[in-house]
Every structure is written in C-alpha cells, then in structure tokens.
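Notes follow once the structure below has been shown.
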Amino acid sequence: MRTHRSAQRGITPVEPVIVVLILGILLAVALPRSMNLGAEARKKKLEAALGSVKAATQLTRAAALMAGGSALDDDDSIMQDGVVVETVHGYPKASAEGIVRATGLDPAGDRISISINGSAVTFAIQGAPAEARCSFTYVQSSRAVLPPTISSLTTTGC
C-alpha cells in the first residue's frame with residue numbers, strides 16, 4: 001500500500017499580503033482612538049480642577065459661617081486646614097491667597113495655569129493646544145448674598 005505525501009513548500013506570496021492588510025485595518029481603527037487620549041486627559045484634569053474649586057468654595061463658606069462675625073464681611077480671612085485663606089463675604093477671594101490657596105492646587109506640580117485679573121481667576125491646563133479654550137473662571141462674590149460665579153468648562157481647545 002502506498003501512502004501519498006504532500007510536499008510542503010512554505011508560504012505563498014498571497015499570505016504576507018493578507019497579513020499586511022489585516023494589520024493595516026487594525027492600525028486604521030486603533031490609531032485615531034489612541035491619538036485622542038491626550039485631549040481626554042486634559043479635559044479630565046480640568047474637570048478635577050473645577051471640582052476642587054467648587055469644593056473649596058463650599059468648605060470655605062462653611063468655615064466662615066461657623067466662625068461668624070467678621071468672617072462674613074467684605075474682606076477677611078479664615079484658617080482652613082492650617083492655612084490662612086482670604087475671603088470676601090465668606091467665600092474665597094479671587095487671589096493666590098484666596099481660592100488658589102483654598103483649593104490646594106499647585107500650578108507647577110499640577111501643570112495648571114492660573115491667571116488672576118481683578119476679581120476673577122482663570123484656571124487653564126498647561127500644554128493644551130489652546131489654553132484659553134481649555135479653562136474655566138472663578139469670579140469672587142460681589143455682594144454678601146451672592147455666591148461666587150464659576151463658569152462652565154470650555155474644552156474646545158483641550
């Protein structure tokens with residue numbers, strides 16, 4: 001009885017072409033997704049900074065209400081977590097010694113740009129393609145009955 005042996009000759013020229021096509025399709029799908037991760041990371045960092053500002057605003061207000069008296073005046077300061085925070089009407093003042101100190105944000109370490117302009121502080125993410133469009137603004141309280149204004153996030157430049 002004779003057995004038939006098949007001759008194995010290696011791979012055909014079509015097989016490497018198929019492998020390259022499959023790899024090309026995978027890269028075309030995966031590459032755009034991974035390229036957008038930097039923008040998403042900057043948006044999330046901006047959201048975290050916004051959360052810090054909102055929380056610091058409320059914590060400072062609560063501490064001022066508990067202190068009572070002059071802590072609710074136009075200009076004062078309160079002790080919060082071992083640091084002095086400048087306040088206006090019991091809310092953090094728009095200054096380095098006010099809202100920036102209350103949040104505990106470190107511009108260099110957190111890579112956040114902080115611009116103070118009168119009664120407003122703008123927080124932006126360093127390294128964003130357009131920092132002015134990857135930001136939000138805190139405007140200090142203007143009257144005793146009004147809380148500060150915190151803008152919504154601008155993320156078109158992240």
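In the structure tokens, chains take letters A, B, ... by order of appearance, with residues numbered from 1 within each chain and ligands from 1 in the order shown.
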Secondary structure check, alpha helix (DSSP H) residues of region 26-127 of chain A, as a PDB file with N, CA, C and O atoms, in the first residue's frame:
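Written output follows (states_16.pdb):
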```
ATOM      1  N   LEU A  26      -6.312  47.080  11.302  1.00  0.00           N
ATOM      2  CA  LEU A  26      -6.276  47.243  12.757  1.00  0.00           C
ATOM      3  C   LEU A  26      -5.680  48.593  13.153  1.00  0.00           C
ATOM      4  O   LEU A  26      -6.181  49.269  14.065  1.00  0.00           O
ATOM      5  N   LEU A  27      -4.603  49.010  12.489  1.00  0.00           N
ATOM      6  CA  LEU A  27      -3.992  50.304  12.797  1.00  0.00           C
ATOM      7  C   LEU A  27      -4.920  51.460  12.431  1.00  0.00           C
ATOM      8  O   LEU A  27      -4.993  52.454  13.145  1.00  0.00           O
ATOM      9  N   ALA A  28      -5.634  51.327  11.324  1.00  0.00           N
ATOM     10  CA  ALA A  28      -6.545  52.394  10.905  1.00  0.00           C
ATOM     11  C   ALA A  28      -7.674  52.582  11.907  1.00  0.00           C
ATOM     12  O   ALA A  28      -8.177  53.689  12.099  1.00  0.00           O
ATOM     13  N   VAL A  29      -8.062  51.524  12.593  1.00  0.00           N
ATOM     14  CA  VAL A  29      -9.127  51.620  13.586  1.00  0.00           C
ATOM     15  C   VAL A  29      -8.570  52.071  14.938  1.00  0.00           C
ATOM     16  O   VAL A  29      -9.147  52.922  15.601  1.00  0.00           O
ATOM     17  N   ALA A  30      -7.440  51.541  15.358  1.00  0.00           N
ATOM     18  CA  ALA A  30      -6.915  51.797  16.698  1.00  0.00           C
ATOM     19  C   ALA A  30      -6.177  53.127  16.809  1.00  0.00           C
ATOM     20  O   ALA A  30      -6.240  53.781  17.850  1.00  0.00           O
ATOM     21  N   LEU A  31      -5.477  53.562  15.796  1.00  0.00           N
ATOM     22  CA  LEU A  31      -4.648  54.758  15.880  1.00  0.00           C
ATOM     23  C   LEU A  31      -5.442  56.031  16.175  1.00  0.00           C
ATOM     24  O   LEU A  31      -5.061  56.787  17.073  1.00  0.00           O
ATOM     25  N   PRO A  32      -6.544  56.311  15.502  1.00  0.00           N
ATOM     26  CA  PRO A  32      -7.293  57.533  15.843  1.00  0.00           C
ATOM     27  C   PRO A  32      -7.798  57.538  17.283  1.00  0.00           C
ATOM     28  O   PRO A  32      -7.859  58.585  17.916  1.00  0.00           O
ATOM     29  N   ARG A  33      -8.148  56.402  17.805  1.00  0.00           N
ATOM     30  CA  ARG A  33      -8.612  56.340  19.194  1.00  0.00           C
ATOM     31  C   ARG A  33      -7.497  56.701  20.167  1.00  0.00           C
ATOM     32  O   ARG A  33      -7.699  57.417  21.132  1.00  0.00           O
ATOM     33  N   SER A  34      -6.305  56.191  19.929  1.00  0.00           N
ATOM     34  CA  SER A  34      -5.202  56.465  20.846  1.00  0.00           C
ATOM     35  C   SER A  34      -4.677  57.888  20.700  1.00  0.00           C
ATOM     36  O   SER A  34      -4.135  58.444  21.644  1.00  0.00           O
ATOM     37  N   MET A  35      -4.840  58.511  19.555  1.00  0.00           N
ATOM     38  CA  MET A  35      -4.362  59.872  19.352  1.00  0.00           C
ATOM     39  C   MET A  35      -5.198  60.881  20.145  1.00  0.00           C
ATOM     40  O   MET A  35      -4.731  61.963  20.447  1.00  0.00           O
ATOM     41  N   LEU A  37      -6.337  60.494  23.208  1.00  0.00           N
ATOM     42  CA  LEU A  37      -6.216  60.302  24.649  1.00  0.00           C
ATOM     43  C   LEU A  37      -5.663  61.528  25.363  1.00  0.00           C
ATOM     44  O   LEU A  37      -6.049  61.814  26.488  1.00  0.00           O
ATOM     45  N   GLY A  38      -4.778  62.275  24.743  1.00  0.00           N
ATOM     46  CA  GLY A  38      -4.220  63.476  25.365  1.00  0.00           C
ATOM     47  C   GLY A  38      -5.291  64.517  25.626  1.00  0.00           C
ATOM     48  O   GLY A  38      -5.348  65.117  26.695  1.00  0.00           O
ATOM     49  N   ALA A  39      -6.169  64.737  24.648  1.00  0.00           N
ATOM     50  CA  ALA A  39      -7.254  65.712  24.819  1.00  0.00           C
ATOM     51  C   ALA A  39      -8.201  65.263  25.918  1.00  0.00           C
ATOM     52  O   ALA A  39      -8.633  66.073  26.746  1.00  0.00           O
ATOM     53  N   GLU A  40      -8.512  63.992  25.962  1.00  0.00           N
ATOM     54  CA  GLU A  40      -9.402  63.474  27.006  1.00  0.00           C
ATOM     55  C   GLU A  40      -8.763  63.619  28.391  1.00  0.00           C
ATOM     56  O   GLU A  40      -9.435  63.961  29.352  1.00  0.00           O
ATOM     57  N   ALA A  41      -7.464  63.379  28.477  1.00  0.00           N
ATOM     58  CA  ALA A  41      -6.764  63.518  29.761  1.00  0.00           C
ATOM     59  C   ALA A  41      -6.794  64.972  30.236  1.00  0.00           C
ATOM     60  O   ALA A  41      -7.015  65.244  31.418  1.00  0.00           O
ATOM     61  N   ARG A  42      -6.581  65.917  29.301  1.00  0.00           N
ATOM     62  CA  ARG A  42      -6.634  67.335  29.675  1.00  0.00           C
ATOM     63  C   ARG A  42      -8.039  67.736  30.126  1.00  0.00           C
ATOM     64  O   ARG A  42      -8.203  68.499  31.083  1.00  0.00           O
ATOM     65  N   LYS A  43      -9.060  67.230  29.462  1.00  0.00           N
ATOM     66  CA  LYS A  43     -10.444  67.526  29.867  1.00  0.00           C
ATOM     67  C   LYS A  43     -10.721  66.990  31.267  1.00  0.00           C
ATOM     68  O   LYS A  43     -11.344  67.664  32.090  1.00  0.00           O
ATOM     69  N   LYS A  44     -10.265  65.775  31.552  1.00  0.00           N
ATOM     70  CA  LYS A  44     -10.481  65.184  32.880  1.00  0.00           C
ATOM     71  C   LYS A  44      -9.719  65.957  33.954  1.00  0.00           C
ATOM     72  O   LYS A  44     -10.221  66.140  35.067  1.00  0.00           O
ATOM     73  N   LYS A  45      -8.518  66.428  33.640  1.00  0.00           N
ATOM     74  CA  LYS A  45      -7.756  67.222  34.598  1.00  0.00           C
ATOM     75  C   LYS A  45      -8.484  68.538  34.881  1.00  0.00           C
ATOM     76  O   LYS A  45      -8.559  68.990  36.019  1.00  0.00           O
ATOM     77  N   LEU A  46      -9.055  69.137  33.837  1.00  0.00           N
ATOM     78  CA  LEU A  46      -9.810  70.378  34.005  1.00  0.00           C
ATOM     79  C   LEU A  46     -11.056  70.139  34.857  1.00  0.00           C
ATOM     80  O   LEU A  46     -11.391  70.944  35.722  1.00  0.00           O
ATOM     81  N   GLU A  47     -11.724  69.019  34.634  1.00  0.00           N
ATOM     82  CA  GLU A  47     -12.893  68.667  35.455  1.00  0.00           C
ATOM     83  C   GLU A  47     -12.496  68.491  36.919  1.00  0.00           C
ATOM     84  O   GLU A  47     -13.230  68.909  37.823  1.00  0.00           O
ATOM     85  N   ALA A  48     -11.344  67.880  37.157  1.00  0.00           N
ATOM     86  CA  ALA A  48     -10.869  67.695  38.538  1.00  0.00           C
ATOM     87  C   ALA A  48     -10.560  69.045  39.192  1.00  0.00           C
ATOM     88  O   ALA A  48     -10.891  69.265  40.362  1.00  0.00           O
ATOM     89  N   ALA A  49      -9.941  69.960  38.447  1.00  0.00           N
ATOM     90  CA  ALA A  49      -9.656  71.288  38.990  1.00  0.00           C
ATOM     91  C   ALA A  49     -10.952  72.038  39.294  1.00  0.00           C
ATOM     92  O   ALA A  49     -11.056  72.707  40.331  1.00  0.00           O
ATOM     93  N   LEU A  50     -11.938  71.901  38.430  1.00  0.00           N
ATOM     94  CA  LEU A  50     -13.242  72.532  38.673  1.00  0.00           C
ATOM     95  C   LEU A  50     -13.877  71.974  39.947  1.00  0.00           C
ATOM     96  O   LEU A  50     -14.405  72.731  40.766  1.00  0.00           O
ATOM     97  N   GLY A  51     -13.785  70.670  40.123  1.00  0.00           N
ATOM     98  CA  GLY A  51     -14.298  70.048  41.347  1.00  0.00           C
ATOM     99  C   GLY A  51     -13.588  70.568  42.583  1.00  0.00           C
ATOM    100  O   GLY A  51     -14.223  70.810  43.617  1.00  0.00           O
ATOM    101  N   SER A  52     -12.281  70.776  42.482  1.00  0.00           N
ATOM    102  CA  SER A  52     -11.511  71.317  43.611  1.00  0.00           C
ATOM    103  C   SER A  52     -11.964  72.733  43.956  1.00  0.00           C
ATOM    104  O   SER A  52     -12.107  73.081  45.129  1.00  0.00           O
ATOM    105  N   VAL A  53     -12.208  73.542  42.936  1.00  0.00           N
ATOM    106  CA  VAL A  53     -12.640  74.919  43.168  1.00  0.00           C
ATOM    107  C   VAL A  53     -14.028  74.943  43.804  1.00  0.00           C
ATOM    108  O   VAL A  53     -14.277  75.685  44.763  1.00  0.00           O
ATOM    109  N   LYS A  54     -14.933  74.125  43.290  1.00  0.00           N
ATOM    110  CA  LYS A  54     -16.293  74.078  43.857  1.00  0.00           C
ATOM    111  C   LYS A  54     -16.271  73.600  45.312  1.00  0.00           C
ATOM    112  O   LYS A  54     -16.941  74.170  46.174  1.00  0.00           O
ATOM    113  N   ALA A  55     -15.503  72.552  45.583  1.00  0.00           N
ATOM    114  CA  ALA A  55     -15.430  72.026  46.948  1.00  0.00           C
ATOM    115  C   ALA A  55     -14.786  73.042  47.889  1.00  0.00           C
ATOM    116  O   ALA A  55     -15.280  73.268  49.000  1.00  0.00           O
ATOM    117  N   ALA A  56     -13.704  73.680  47.443  1.00  0.00           N
ATOM    118  CA  ALA A  56     -13.023  74.674  48.279  1.00  0.00           C
ATOM    119  C   ALA A  56     -13.938  75.861  48.566  1.00  0.00           C
ATOM    120  O   ALA A  56     -13.926  76.405  49.677  1.00  0.00           O
ATOM    121  N   THR A  57     -14.742  76.240  47.594  1.00  0.00           N
ATOM    122  CA  THR A  57     -15.683  77.346  47.786  1.00  0.00           C
ATOM    123  C   THR A  57     -16.677  77.012  48.888  1.00  0.00           C
ATOM    124  O   THR A  57     -16.921  77.820  49.795  1.00  0.00           O
ATOM    125  N   GLN A  58     -17.230  75.823  48.838  1.00  0.00           N
ATOM    126  CA  GLN A  58     -18.229  75.434  49.835  1.00  0.00           C
ATOM    127  C   GLN A  58     -17.613  75.206  51.214  1.00  0.00           C
ATOM    128  O   GLN A  58     -18.201  75.565  52.229  1.00  0.00           O
ATOM    129  N   LEU A  59     -16.431  74.607  51.248  1.00  0.00           N
ATOM    130  CA  LEU A  59     -15.765  74.387  52.536  1.00  0.00           C
ATOM    131  C   LEU A  59     -15.379  75.714  53.203  1.00  0.00           C
ATOM    132  O   LEU A  59     -15.521  75.869  54.416  1.00  0.00           O
ATOM    133  N   THR A  60     -14.909  76.649  52.402  1.00  0.00           N
ATOM    134  CA  THR A  60     -14.550  77.959  52.945  1.00  0.00           C
ATOM    135  C   THR A  60     -15.794  78.678  53.450  1.00  0.00           C
ATOM    136  O   THR A  60     -15.771  79.294  54.528  1.00  0.00           O
ATOM    137  N   ARG A  61     -16.863  78.604  52.698  1.00  0.00           N
ATOM    138  CA  ARG A  61     -18.114  79.241  53.132  1.00  0.00           C
ATOM    139  C   ARG A  61     -18.613  78.628  54.444  1.00  0.00           C
ATOM    140  O   ARG A  61     -19.032  79.341  55.356  1.00  0.00           O
ATOM    141  N   ALA A  62     -18.550  77.305  54.548  1.00  0.00           N
ATOM    142  CA  ALA A  62     -18.989  76.637  55.782  1.00  0.00           C
ATOM    143  C   ALA A  62     -18.127  77.059  56.965  1.00  0.00           C
ATOM    144  O   ALA A  62     -18.649  77.341  58.057  1.00  0.00           O
ATOM    145  N   ALA A  63     -16.819  77.157  56.753  1.00  0.00           N
ATOM    146  CA  ALA A  63     -15.919  77.582  57.832  1.00  0.00           C
ATOM    147  C   ALA A  63     -16.205  79.027  58.232  1.00  0.00           C
ATOM    148  O   ALA A  63     -16.180  79.368  59.421  1.00  0.00           O
ATOM    149  N   ALA A  64     -16.506  79.886  57.260  1.00  0.00           N
ATOM    150  CA  ALA A  64     -16.808  81.280  57.559  1.00  0.00           C
ATOM    151  C   ALA A  64     -18.125  81.395  58.322  1.00  0.00           C
ATOM    152  O   ALA A  64     -18.237  82.193  59.255  1.00  0.00           O
ATOM    153  N   LEU A  65     -19.113  80.610  57.941  1.00  0.00           N
ATOM    154  CA  LEU A  65     -20.394  80.634  58.655  1.00  0.00           C
ATOM    155  C   LEU A  65     -20.226  80.159  60.094  1.00  0.00           C
ATOM    156  O   LEU A  65     -20.834  80.705  61.010  1.00  0.00           O
ATOM    157  N   MET A  66     -19.396  79.148  60.284  1.00  0.00           N
ATOM    158  CA  MET A  66     -19.151  78.648  61.633  1.00  0.00           C
ATOM    159  C   MET A  66     -18.393  79.680  62.469  1.00  0.00           C
ATOM    160  O   MET A  66     -18.654  79.834  63.659  1.00  0.00           O
ATOM    161  N   ALA A  67     -17.470  80.401  61.847  1.00  0.00           N
ATOM    162  CA  ALA A  67     -16.706  81.427  62.566  1.00  0.00           C
ATOM    163  C   ALA A  67     -17.586  82.629  62.881  1.00  0.00           C
ATOM    164  O   ALA A  67     -17.410  83.276  63.909  1.00  0.00           O
ATOM    165  N   ARG A 101      -5.211  79.153  47.175  1.00  0.00           N
ATOM    166  CA  ARG A 101      -4.746  78.514  48.409  1.00  0.00           C
ATOM    167  C   ARG A 101      -5.800  77.551  48.951  1.00  0.00           C
ATOM    168  O   ARG A 101      -5.477  76.475  49.440  1.00  0.00           O
ATOM    169  N   ALA A 102      -7.077  77.920  48.853  1.00  0.00           N
ATOM    170  CA  ALA A 102      -8.151  77.071  49.373  1.00  0.00           C
ATOM    171  C   ALA A 102      -8.241  75.743  48.623  1.00  0.00           C
ATOM    172  O   ALA A 102      -8.543  74.707  49.217  1.00  0.00           O
ATOM    173  N   THR A 103      -7.969  75.758  47.331  1.00  0.00           N
ATOM    174  CA  THR A 103      -8.045  74.518  46.545  1.00  0.00           C
ATOM    175  C   THR A 103      -6.855  73.611  46.797  1.00  0.00           C
ATOM    176  O   THR A 103      -6.959  72.400  46.639  1.00  0.00           O
ATOM    177  N   PRO A 107       0.245  75.130  40.766  1.00  0.00           N
ATOM    178  CA  PRO A 107       0.363  75.372  39.329  1.00  0.00           C
ATOM    179  C   PRO A 107       1.503  74.602  38.663  1.00  0.00           C
ATOM    180  O   PRO A 107       1.316  74.038  37.591  1.00  0.00           O
ATOM    181  N   ALA A 108       2.662  74.543  39.288  1.00  0.00           N
ATOM    182  CA  ALA A 108       3.792  73.843  38.674  1.00  0.00           C
ATOM    183  C   ALA A 108       3.597  72.333  38.717  1.00  0.00           C
ATOM    184  O   ALA A 108       3.736  71.651  37.697  1.00  0.00           O
ATOM    185  N   GLY A 109       3.262  71.818  39.872  1.00  0.00           N
ATOM    186  CA  GLY A 109       3.118  70.368  40.014  1.00  0.00           C
ATOM    187  C   GLY A 109       1.904  69.807  39.304  1.00  0.00           C
ATOM    188  O   GLY A 109       1.944  68.706  38.760  1.00  0.00           O
ATOM    189  N   ASP A 110       0.812  70.569  39.299  1.00  0.00           N
ATOM    190  CA  ASP A 110      -0.425  70.101  38.658  1.00  0.00           C
ATOM    191  C   ASP A 110      -0.510  70.511  37.192  1.00  0.00           C
ATOM    192  O   ASP A 110      -1.461  70.140  36.514  1.00  0.00           O
TER     193      ASP A 110
END
```
Q. Tell me, which residues of region 49-82 of chain A carry DSSP strand (DSSP E), written as an MDAnalysis selection string?
A. chainID A and resid 76:80
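For the atom pair formed by CA of Thr149 (chain A) and CA of Thr137 (chain A), the distance is 8.0 Å, given to one decimal.
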Q: Tell me which protein, DNA and RNA residues are within 6 Å of region 84-87 of chain A, counting only C-alpha atoms, leaving out same-chain ones fewer than 5 positions away, and put them as a PyMOL selection string.
A: chain A and resi 75-79+92-93+97-98
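The two atoms in question, CA of Gln140 (chain A) and CA of Ala128 (chain A), are spaced 25.6 Å apart.
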(Q) Residues within 7 Å of Cys134 (chain A), please, as a VMD selection string. Count only C-alpha atoms; anything in the same chain fewer than 4 positions from it doesn't count. (A) chain A and resid 124 to 125 128 130 154 to 158
Could you turn the residues from that selection into a file that holds N, CA and C atoms, as a tab-separated table (two decimals), in the first residue's frame?
```
chain	number	residue	atom	x	y	z
A	124	ALA	N	-6.48	77.18	33.67
A	124	ALA	CA	-6.33	76.55	32.36
A	124	ALA	C	-5.30	75.43	32.46
A	125	ILE	N	-5.40	74.48	31.56
A	125	ILE	CA	-4.49	73.33	31.56
A	125	ILE	C	-3.26	73.66	30.72
A	128	ALA	N	-2.18	72.49	26.72
A	128	ALA	CA	-3.32	72.36	25.82
A	128	ALA	C	-3.02	73.13	24.54
A	130	ALA	N	-4.77	75.11	22.91
A	130	ALA	CA	-5.26	76.48	23.08
A	130	ALA	C	-5.71	76.62	24.53
A	154	THR	N	-14.72	75.27	29.41
A	154	THR	CA	-14.50	75.48	27.99
A	154	THR	C	-13.46	74.45	27.57
A	155	THR	N	-13.85	73.49	26.74
A	155	THR	CA	-12.94	72.39	26.40
A	155	THR	C	-12.65	72.29	24.91
A	156	THR	N	-13.02	73.28	24.12
A	156	THR	CA	-12.79	73.19	22.68
A	156	THR	C	-11.31	73.25	22.32
A	157	GLY	N	-10.47	73.74	23.23
A	157	GLY	CA	-9.04	73.85	22.94
A	157	GLY	C	-8.18	72.84	23.67
A	158	CYS	N	-8.82	71.85	24.28
A	158	CYS	CA	-8.05	70.85	25.04
A	158	CYS	C	-7.39	69.87	24.09
```
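Counting from CA of Val88 (chain A), the distance to CA of Asp74 (chain A) is 4.9 Å.
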Q. Which is closest to Pro148 (chain A) among A:Ile11, A:Ile112, A:Leu72, A:Ala94, if we use only C-alpha atoms?
A. A:Ala94
